[in-house]
>>> print(open('coords_10.cif').read())   # mmCIF, C-alpha atoms
data_run
#
loop_
_atom_site.label_atom_id
_atom_site.label_comp_id
_atom_site.auth_asym_id
_atom_site.auth_seq_id
_atom_site.Cartn_x
_atom_site.Cartn_y
_atom_site.Cartn_z
CA MET A 1 -13.15 -9.83 18.16
CA LYS A 2 -12.41 -12.24 15.36
CA ALA A 3 -9.48 -11.15 13.22
CA ALA A 4 -8.78 -12.75 9.83
CA VAL A 5 -5.20 -12.22 8.67
CA VAL A 6 -4.60 -12.78 4.96
CA THR A 7 -1.49 -14.53 3.67
CA PHE A 8 -0.39 -13.97 0.08
CA PRO A 9 2.61 -15.70 -1.49
CA GLY A 10 5.42 -13.43 -0.32
CA SER A 11 3.70 -12.04 2.78
CA ASN A 12 6.21 -12.04 5.63
CA CYS A 13 4.55 -10.03 8.41
CA ASP A 14 1.40 -12.15 8.63
CA ARG A 15 2.56 -14.08 11.67
CA ASP A 16 3.56 -10.89 13.50
CA MET A 17 0.15 -9.44 12.69
CA ARG A 18 -1.58 -12.52 14.10
CA VAL A 19 0.47 -12.19 17.30
CA ALA A 20 -0.45 -8.50 17.57
CA PHE A 21 -4.18 -9.14 17.16
CA ALA A 22 -3.94 -11.99 19.68
CA ALA A 23 -2.17 -9.66 22.14
CA ALA A 24 -5.21 -7.40 21.88
CA GLY A 25 -7.45 -10.31 22.81
CA ALA A 26 -8.62 -11.34 19.34
CA GLU A 27 -9.45 -14.79 18.12
CA VAL A 28 -7.19 -14.93 15.08
CA VAL A 29 -7.74 -16.98 11.94
CA GLN A 30 -5.42 -17.27 8.97
CA VAL A 31 -6.86 -16.77 5.50
CA TRP A 32 -5.17 -17.93 2.30
CA HIS A 33 -5.14 -15.67 -0.73
CA LYS A 34 -7.03 -18.25 -2.78
CA ASP A 35 -9.94 -18.37 -0.33
CA ASP A 36 -12.93 -16.61 -1.81
CA ALA A 37 -14.70 -16.09 1.50
CA LEU A 38 -13.76 -14.87 4.97
CA PRO A 39 -14.45 -17.11 7.98
CA ALA A 40 -17.95 -16.61 9.39
CA GLY A 41 -18.03 -13.94 12.05
CA THR A 42 -14.90 -12.10 10.86
CA ASP A 43 -14.87 -8.64 12.48
CA VAL A 44 -11.58 -7.25 11.24
CA VAL A 45 -9.34 -8.22 8.32
CA GLY A 46 -5.58 -7.79 8.50
CA VAL A 47 -3.65 -7.34 5.24
CA PRO A 48 -0.02 -7.82 6.25
CA GLY A 49 3.34 -6.55 5.11
CA GLY A 50 5.79 -8.36 2.90
CA PHE A 51 6.36 -8.70 -0.81
CA SER A 52 3.14 -10.21 -2.11
CA TYR A 53 3.71 -11.92 -5.48
CA GLY A 54 7.29 -10.68 -5.41
CA ASP A 55 6.14 -7.08 -5.93
CA TYR A 56 5.76 -8.01 -9.61
CA LEU A 57 4.25 -5.33 -11.87
CA ARG A 58 3.70 -2.88 -8.95
CA CYS A 59 3.71 -3.43 -5.20
CA GLY A 60 0.33 -4.88 -4.25
CA ALA A 61 -1.08 -4.91 -7.80
CA ILE A 62 -1.39 -8.67 -8.19
CA ALA A 63 -2.52 -9.23 -4.59
CA ALA A 64 -5.26 -6.62 -5.05
CA ASN A 65 -6.84 -8.96 -7.58
CA ALA A 66 -6.43 -12.20 -5.60
CA PRO A 67 -9.63 -14.20 -4.96
CA VAL A 68 -9.70 -13.29 -1.26
CA MET A 69 -9.80 -9.58 -2.05
CA GLY A 70 -13.36 -9.85 -3.38
CA ALA A 71 -14.40 -10.99 0.08
CA VAL A 72 -12.30 -8.25 1.73
CA ARG A 73 -13.96 -5.64 -0.50
CA ALA A 74 -17.40 -6.95 0.43
CA HIS A 75 -16.43 -6.91 4.14
CA ALA A 76 -15.33 -3.27 3.87
CA GLY A 77 -18.48 -2.46 1.91
CA ARG A 78 -20.56 -3.73 4.85
CA GLY A 79 -18.66 -1.36 7.15
CA GLY A 80 -16.25 -4.04 8.34
CA MET A 81 -12.85 -3.03 9.69
CA VAL A 82 -9.71 -3.60 7.60
CA LEU A 83 -6.11 -2.91 8.60
CA GLY A 84 -3.42 -2.86 5.91
CA ILE A 85 0.19 -2.49 7.00
CA CYS A 86 3.08 -1.71 4.65
CA ASN A 87 2.54 -4.01 1.65
CA GLY A 88 -1.01 -4.34 3.00
CA PHE A 89 -1.44 -0.56 2.59
CA GLN A 90 -0.17 -0.86 -0.98
CA VAL A 91 -2.64 -3.68 -1.61
CA LEU A 92 -5.57 -1.63 -0.23
CA CYS A 93 -4.66 1.32 -2.48
CA GLU A 94 -4.31 -0.93 -5.53
CA ALA A 95 -7.66 -2.53 -4.65
CA GLY A 96 -9.31 0.88 -4.54
CA LEU A 97 -10.28 0.54 -0.87
CA LEU A 98 -8.11 3.56 -0.10
CA PRO A 99 -7.31 6.47 -2.43
CA GLY A 100 -3.90 7.34 -3.88
CA ALA A 101 -0.86 5.18 -4.49
CA LEU A 102 2.54 4.36 -3.03
CA VAL A 103 5.59 4.83 -5.24
CA ARG A 104 9.35 4.40 -4.91
CA ASN A 105 10.93 6.26 -1.96
CA ALA A 106 12.18 9.66 -3.07
CA GLY A 107 15.69 8.79 -1.86
CA ILE A 108 15.54 5.46 -3.78
CA ALA A 109 17.00 3.52 -0.83
CA PHE A 110 15.04 0.96 1.17
CA VAL A 111 14.29 2.63 4.51
CA CYS A 112 14.47 0.39 7.60
CA ARG A 113 14.51 2.17 10.94
CA ARG A 114 12.32 3.52 13.71
CA VAL A 115 10.71 6.83 12.83
CA ALA A 116 8.72 9.51 14.65
CA LEU A 117 5.02 9.66 13.78
CA ASP A 118 2.32 12.12 14.71
CA VAL A 119 -1.23 10.87 15.18
CA THR A 120 -3.23 13.27 13.01
CA GLY A 121 -6.51 11.47 12.36
CA ASP A 122 -9.58 10.03 13.99
CA GLY A 123 -11.53 6.83 13.75
CA PRO A 124 -11.96 3.50 15.47
CA PHE A 125 -8.38 2.30 14.86
CA LEU A 126 -6.93 5.48 16.38
CA ALA A 127 -9.10 5.79 19.49
CA GLY A 128 -6.23 4.56 21.67
CA TYR A 129 -4.13 7.66 20.90
CA ALA A 130 -4.82 11.27 21.72
CA ARG A 131 -4.77 13.24 18.46
CA GLY A 132 -1.45 15.06 18.22
CA THR A 133 0.46 12.39 20.14
CA ARG A 134 3.94 11.65 18.82
CA ILE A 135 4.89 7.98 18.76
CA GLU A 136 7.70 5.94 17.29
CA LEU A 137 7.24 2.89 15.06
CA PRO A 138 9.51 0.89 12.75
CA VAL A 139 9.31 1.36 8.99
CA ALA A 140 10.75 -1.06 6.44
CA HIS A 141 9.86 -0.25 2.85
CA HIS A 142 11.10 0.66 -0.59
CA ASP A 143 7.86 2.05 -1.97
CA GLY A 144 6.27 4.12 0.77
CA ASN A 145 6.11 7.49 -0.94
CA TYR A 146 2.41 8.36 -0.83
CA VAL A 147 1.00 10.25 -3.82
CA ALA A 148 -2.52 11.40 -4.63
CA ASP A 149 -4.09 14.22 -6.62
CA ASP A 150 -4.74 17.58 -4.94
CA GLU A 151 -8.45 16.96 -4.61
CA THR A 152 -7.85 13.67 -2.76
CA LEU A 153 -5.26 15.28 -0.49
CA ARG A 154 -7.66 18.09 0.38
CA ALA A 155 -10.40 15.58 1.18
CA LEU A 156 -8.09 13.47 3.37
CA ASP A 157 -6.94 16.60 5.20
CA GLY A 158 -10.38 18.11 5.62
CA GLU A 159 -12.04 14.91 6.81
CA GLY A 160 -9.43 13.98 9.42
CA ARG A 161 -8.44 10.95 7.36
CA VAL A 162 -4.66 11.38 7.52
CA ALA A 163 -4.11 8.91 10.35
CA PHE A 164 -0.35 9.44 10.74
CA ARG A 165 2.24 11.86 9.43
CA TYR A 166 5.98 11.31 9.63
CA GLY A 167 7.69 13.52 12.17
CA GLU A 168 10.88 13.43 10.08
CA ALA A 169 11.95 13.00 6.44
CA VAL A 170 11.42 9.34 5.52
CA ASN A 171 10.39 8.68 1.93
CA GLY A 172 9.18 11.85 0.22
CA SER A 173 5.49 11.18 0.96
CA LEU A 174 3.21 14.13 0.09
CA GLY A 175 2.47 16.01 3.29
CA GLY A 176 4.51 13.44 5.18
CA ILE A 177 1.53 11.08 4.98
CA ALA A 178 2.29 7.74 6.63
CA GLY A 179 -1.22 6.34 6.92
CA ILE A 180 -4.79 7.14 5.86
CA THR A 181 -8.29 5.92 6.58
CA SER A 182 -11.39 5.39 4.48
CA ALA A 183 -14.25 7.91 4.63
CA ASN A 184 -15.94 5.90 7.42
CA GLY A 185 -12.63 5.47 9.28
CA ARG A 186 -12.97 1.70 9.32
CA VAL A 187 -10.24 0.94 6.77
CA LEU A 188 -6.73 1.99 7.85
CA GLY A 189 -3.66 1.69 5.66
CA MET A 190 -0.23 2.65 6.97
CA MET A 191 3.39 2.12 5.97
CA PRO A 192 4.89 1.90 9.50
CA HIS A 193 4.67 -1.42 11.33
CA PRO A 194 2.61 -1.25 14.54
CA GLU A 195 2.71 -5.07 14.76
CA ARG A 196 6.48 -4.80 15.30
CA ALA A 197 5.90 -2.68 18.40
CA VAL A 198 3.39 -4.50 20.58
CA ASP A 199 5.66 -5.64 23.41
CA THR A 200 8.38 -3.90 25.38
CA VAL A 201 10.83 -6.57 24.20
CA HIS A 202 10.30 -5.12 20.71
CA GLY A 203 11.81 -1.88 22.00
CA GLY A 204 8.41 -0.30 22.41
CA ALA A 205 4.71 -1.11 22.49
CA GLU A 206 3.41 2.02 20.82
CA GLY A 207 1.73 0.01 18.07
CA LEU A 208 -0.47 -2.00 20.41
CA PRO A 209 -3.18 0.71 20.84
CA ILE A 210 -4.21 0.21 17.19
CA PHE A 211 -5.04 -3.45 17.77
CA ARG A 212 -6.61 -2.73 21.16
CA ALA A 213 -8.72 0.09 19.73
CA ALA A 214 -10.07 -2.30 17.09
CA ALA A 215 -11.09 -4.70 19.88
CA VAL A 216 -12.79 -1.88 21.81
CA ALA A 217 -14.63 -0.60 18.73
CA LEU A 218 -15.85 -4.09 17.91
CA ALA A 219 -16.90 -4.84 21.49
CA ARG A 220 -19.09 -1.72 21.40
CA ALA A 221 -20.71 -2.61 18.09
CA MET B 1 -1.31 -10.49 -32.97
CA ARG B 2 0.85 -8.68 -30.55
CA ALA B 3 0.23 -5.61 -28.41
CA ARG B 4 2.93 -3.55 -26.82
CA VAL B 5 1.91 -1.56 -23.76
CA THR B 6 4.21 1.23 -22.56
CA VAL B 7 3.58 2.34 -18.98
CA MET B 8 5.13 5.57 -17.71
CA LEU B 9 4.81 7.52 -14.48
CA LYS B 10 2.65 10.58 -15.14
CA ASP B 11 4.36 13.93 -15.46
CA GLY B 12 4.60 15.43 -12.01
CA VAL B 13 5.06 12.08 -10.23
CA LEU B 14 8.63 12.00 -8.97
CA ASP B 15 10.68 9.32 -10.70
CA PRO B 16 13.71 8.74 -8.44
CA GLN B 17 14.94 5.86 -10.61
CA GLY B 18 14.99 8.12 -13.65
CA GLU B 19 16.87 10.71 -11.62
CA ALA B 20 19.44 8.10 -10.57
CA ILE B 21 19.96 7.16 -14.21
CA ARG B 22 20.41 10.84 -15.12
CA HIS B 23 23.06 11.20 -12.41
CA ALA B 24 24.82 8.04 -13.55
CA LEU B 25 24.92 9.27 -17.16
CA GLY B 26 26.41 12.54 -15.93
CA ALA B 27 29.02 10.65 -13.93
CA LEU B 28 29.98 8.78 -17.11
CA GLY B 29 30.66 12.09 -18.81
CA PHE B 30 27.52 12.28 -20.98
CA GLU B 31 26.59 15.92 -21.06
CA GLY B 32 23.28 17.55 -21.75
CA VAL B 33 20.96 14.89 -20.32
CA GLU B 34 18.37 17.18 -18.78
CA GLY B 35 15.85 14.59 -17.68
CA VAL B 36 15.30 10.83 -17.58
CA ARG B 37 12.01 9.04 -17.04
CA GLN B 38 11.96 5.27 -16.60
CA GLY B 39 8.92 3.20 -17.50
CA LYS B 40 8.10 -0.34 -18.46
CA VAL B 41 7.13 -2.17 -21.62
CA ILE B 42 4.72 -5.09 -21.49
CA GLU B 43 4.33 -7.23 -24.61
CA LEU B 44 1.16 -9.26 -24.98
CA ASP B 45 0.75 -12.17 -27.41
CA LEU B 46 -2.95 -12.12 -28.22
CA ALA B 47 -5.34 -14.36 -30.11
CA ASP B 48 -6.08 -12.89 -33.56
CA GLY B 49 -9.13 -10.68 -33.45
CA THR B 50 -8.70 -9.60 -29.83
CA PRO B 51 -10.30 -6.15 -29.78
CA GLU B 52 -8.07 -3.24 -28.85
CA GLY B 53 -10.72 -2.29 -26.31
CA ALA B 54 -9.87 -5.46 -24.41
CA VAL B 55 -6.23 -4.37 -24.17
CA ASP B 56 -7.37 -0.98 -22.92
CA ALA B 57 -9.43 -2.73 -20.23
CA MET B 58 -6.38 -4.81 -19.25
CA CYS B 59 -4.39 -1.59 -18.84
CA ARG B 60 -7.01 0.06 -16.68
CA ARG B 61 -7.68 -3.02 -14.54
CA LEU B 62 -4.13 -4.23 -13.96
CA LEU B 63 -1.25 -3.21 -16.20
CA ALA B 64 -1.22 0.47 -15.20
CA ASN B 65 -2.25 2.25 -12.04
CA THR B 66 -3.92 5.28 -13.55
CA VAL B 67 -3.56 7.21 -10.29
CA ILE B 68 0.16 7.53 -11.01
CA GLU B 69 0.77 6.06 -14.45
CA SER B 70 -0.19 6.69 -18.05
CA TYR B 71 -0.13 4.00 -20.71
CA ARG B 72 0.11 3.73 -24.47
CA ILE B 73 -0.99 0.74 -26.55
CA GLU B 74 0.55 -0.22 -29.90
CA VAL B 75 -0.99 -3.17 -31.75
CA ALA B 76 1.05 -4.94 -34.40
#
>>> encode(input="coords_10.cif", output="structure tokens")
Amino acid sequence: MKAAVVTFPGSNCDRDMRVAFAAAGAEVVQVWHKDDALPAGTDVVGVPGGFSYGDYLRCGAIAANAPVMGAVRAHAGRGGMVLGICNGFQVLCEAGLLPGALVRNAGIAFVCRRVALDVTGDGPFLAGYARGTRIELPVAHHDGNYVADDETLRALDGEGRVAFRYGEAVNGSLGGIAGITSANGRVLGMMPHPERAVDTVHGGAEGLPIFRAAAVALARA
Amino acid sequence: MRARVTVMLKDGVLDPQGEAIRHALGALGFEGVEGVRQGKVIELDLADGTPEGAVDAMCRRLLANTVIESYRIEVA
């Protein structure tokens, strides 16, 4: 598995994401936001957390239009795997690769703690969890309140595309949605940080199955 | 020429910042503030003759996220 992790100005979880993909056995390459192509042989693209472009205008709005995102869109269009975490999820929504949007937390405050999550979806990124499993991952965000119109919510629900739901009140997200996938399951966006839980020294390794599942899915392909 | 774009969260999208402002006004003793919505204003200095359609395209492509926001354009 070759994983390309994008760095935007203001990304701050890109190194952690590279470590997580490497822990799952990936060859990891770093991609700069001004690159207009992905390295040859890229299997999975990581869009990391942070504050790309200072969160100017809206979280992820400027990054969604960075040169590299044309290549990421094309990769997803070919059925390539893409993982967006936190700001990366916001970027994928702004780029139109995932439906809906992420707005200010209902309680206004920045939320930074470990939260309970239920695995509620299917797809290649989630194959390492039994559906219905409750896990715990860190969240750290100000704008993680997921909103979408009713039609989109019904489609996400009906197609098993709500990857994770919060098991507690976190940010006001509709339906407690913490992460969603694309129609083909190969694009996953999520607010919690699995890359911050890939080693027991992190206080838990319950995020590692996402990176491992990507490796398994790609080995099969 | 100058265009002024006003971007607001759509009705129905929770605006916690607006709510915080409403609470703060109440705490200051201002009565009767039944709702506050906070948005943003973006002023564009444009070359003369820039068609208004171009500003509309800018709004749809970048300045507003039409999933959650509405926008209004005033050209002066």
>>> residues_near_point(input="coords_10.cif", point="(18.1, 6.1, -8.3)", cutoff="8 Å", atoms="all atoms listed in the file", output="PyMOL selection string")
(chain A and resi 107-109) or (chain B and resi 16-21)
>>> interface_residues(input="coords_10.cif", of="chain A", to="chain B", cutoff="9 Å", atoms="all atoms listed in the file", output="ChimeraX atom specification")
/A:57-58,61-62,65,94,99-108,147-149
>>> atom_distance(input="coords_10.cif", atom1="CA of Arg72 (chain B)", atom2="CA of Asp150 (chain A)")
24.4 Å
>>> atom_distance(input="coords_10.cif", atom1="CA of Arg196 (chain A)", atom2="CA of Val115 (chain A)")
12.6 Å
>>> resolve_selection(input="coords_10.cif", expression="the PyMOL selection byres ((chain A and resi 168) around 9)", output="list in words")
Val115, Ala116, Leu117, Arg165, Tyr166, Gly167, Ala169, Val170 and Gly176 of chain A
>>> closest_residue(input="coords_10.cif", among="A:Gly41, A:Gly49, A:Gly60, A:Gly88", to="His75 (chain A)", atoms="only C-alpha atoms")
A:Gly41
>>> residues_around(input="coords_10.cif", residues="region 11-18 of chain A", least_positions_apart="5", cutoff="8 Å", atoms="all atoms listed in the file", output="list in words")
Val5, Val6, Val28, Val29, Gln30, Gly46, Val47, Pro48, Gly49, Gly50, Phe51, Ser52, Glu195 and Arg196 of chain A
>>> closest_residue(input="coords_10.cif", among="A:Cys59, A:Ala205, A:Ala213, A:Met190", to="Ala127 (chain A)", atoms="only C-alpha atoms")
A:Ala213
>>> decode(input="coords_10.cif", residues="region 130-188 of chain A", atoms="C-alpha atoms", output="PDB file, in the first residue's frame")
ATOM      1  CA  ALA A 130     -17.630  -5.409  13.687  1.00  0.00           C
ATOM      2  CA  ARG A 131     -20.618  -3.181  12.935  1.00  0.00           C
ATOM      3  CA  GLY A 132     -22.117  -2.035  16.231  1.00  0.00           C
ATOM      4  CA  THR A 133     -18.782  -2.054  18.059  1.00  0.00           C
ATOM      5  CA  ARG A 134     -18.265   0.812  20.491  1.00  0.00           C
ATOM      6  CA  ILE A 135     -14.793   2.333  20.463  1.00  0.00           C
ATOM      7  CA  GLU A 136     -13.177   5.409  21.940  1.00  0.00           C
ATOM      8  CA  LEU A 137     -11.178   7.979  19.961  1.00  0.00           C
ATOM      9  CA  PRO A 138      -9.951  11.514  20.645  1.00  0.00           C
ATOM     10  CA  VAL A 139     -11.748  14.490  19.126  1.00  0.00           C
ATOM     11  CA  ALA A 140     -10.287  17.988  18.870  1.00  0.00           C
ATOM     12  CA  HIS A 141     -12.404  20.414  16.884  1.00  0.00           C
ATOM     13  CA  HIS A 142     -14.372  23.630  16.877  1.00  0.00           C
ATOM     14  CA  ASP A 143     -16.438  22.979  13.770  1.00  0.00           C
ATOM     15  CA  GLY A 144     -17.524  19.351  13.887  1.00  0.00           C
ATOM     16  CA  ASN A 145     -21.278  19.774  13.857  1.00  0.00           C
ATOM     17  CA  TYR A 146     -22.369  17.799  10.798  1.00  0.00           C
ATOM     18  CA  VAL A 147     -25.320  19.178   8.826  1.00  0.00           C
ATOM     19  CA  ALA A 148     -26.981  17.985   5.628  1.00  0.00           C
ATOM     20  CA  ASP A 149     -30.450  18.178   4.121  1.00  0.00           C
ATOM     21  CA  ASP A 150     -33.033  15.498   4.960  1.00  0.00           C
ATOM     22  CA  GLU A 151     -32.658  13.756   1.628  1.00  0.00           C
ATOM     23  CA  THR A 152     -28.887  13.398   2.112  1.00  0.00           C
ATOM     24  CA  LEU A 153     -29.342  12.145   5.675  1.00  0.00           C
ATOM     25  CA  ARG A 154     -31.857   9.542   4.510  1.00  0.00           C
ATOM     26  CA  ALA A 155     -29.473   8.368   1.793  1.00  0.00           C
ATOM     27  CA  LEU A 156     -26.524   8.134   4.211  1.00  0.00           C
ATOM     28  CA  ASP A 157     -28.675   6.184   6.666  1.00  0.00           C
ATOM     29  CA  GLY A 158     -30.228   3.882   4.106  1.00  0.00           C
ATOM     30  CA  GLU A 159     -26.972   3.052   2.339  1.00  0.00           C
ATOM     31  CA  GLY A 160     -24.946   2.247   5.461  1.00  0.00           C
ATOM     32  CA  ARG A 161     -22.783   5.304   4.855  1.00  0.00           C
ATOM     33  CA  VAL A 162     -22.797   6.709   8.390  1.00  0.00           C
ATOM     34  CA  ALA A 163     -19.442   5.255   9.406  1.00  0.00           C
ATOM     35  CA  PHE A 164     -19.469   6.430  13.029  1.00  0.00           C
ATOM     36  CA  ARG A 165     -21.962   7.990  15.401  1.00  0.00           C
ATOM     37  CA  TYR A 166     -21.061   9.624  18.694  1.00  0.00           C
ATOM     38  CA  GLY A 167     -22.061   7.588  21.714  1.00  0.00           C
ATOM     39  CA  GLU A 168     -22.450  10.795  23.741  1.00  0.00           C
ATOM     40  CA  ALA A 169     -23.256  14.481  23.192  1.00  0.00           C
ATOM     41  CA  VAL A 170     -20.231  16.081  21.517  1.00  0.00           C
ATOM     42  CA  ASN A 171     -20.994  18.873  19.066  1.00  0.00           C
ATOM     43  CA  GLY A 172     -24.654  18.883  18.056  1.00  0.00           C
ATOM     44  CA  SER A 173     -24.086  16.817  14.892  1.00  0.00           C
ATOM     45  CA  LEU A 174     -27.334  15.715  13.200  1.00  0.00           C
ATOM     46  CA  GLY A 175     -28.005  12.119  14.206  1.00  0.00           C
ATOM     47  CA  GLY A 176     -24.756  12.154  16.164  1.00  0.00           C
ATOM     48  CA  ILE A 177     -22.898  11.685  12.878  1.00  0.00           C
ATOM     49  CA  ALA A 178     -19.134  11.572  13.424  1.00  0.00           C
ATOM     50  CA  GLY A 179     -18.035  10.182  10.069  1.00  0.00           C
ATOM     51  CA  ILE A 180     -19.460   9.283   6.659  1.00  0.00           C
ATOM     52  CA  THR A 181     -18.370   7.482   3.523  1.00  0.00           C
ATOM     53  CA  SER A 182     -18.897   8.053  -0.179  1.00  0.00           C
ATOM     54  CA  ALA A 183     -21.431   5.941  -2.088  1.00  0.00           C
ATOM     55  CA  ASN A 184     -18.714   3.402  -2.991  1.00  0.00           C
ATOM     56  CA  GLY A 185     -17.360   3.399   0.579  1.00  0.00           C
ATOM     57  CA  ARG A 186     -13.868   4.296  -0.574  1.00  0.00           C
ATOM     58  CA  VAL A 187     -13.847   7.884   0.700  1.00  0.00           C
ATOM     59  CA  LEU A 188     -14.126   8.210   4.495  1.00  0.00           C
TER      60      LEU A 188
END
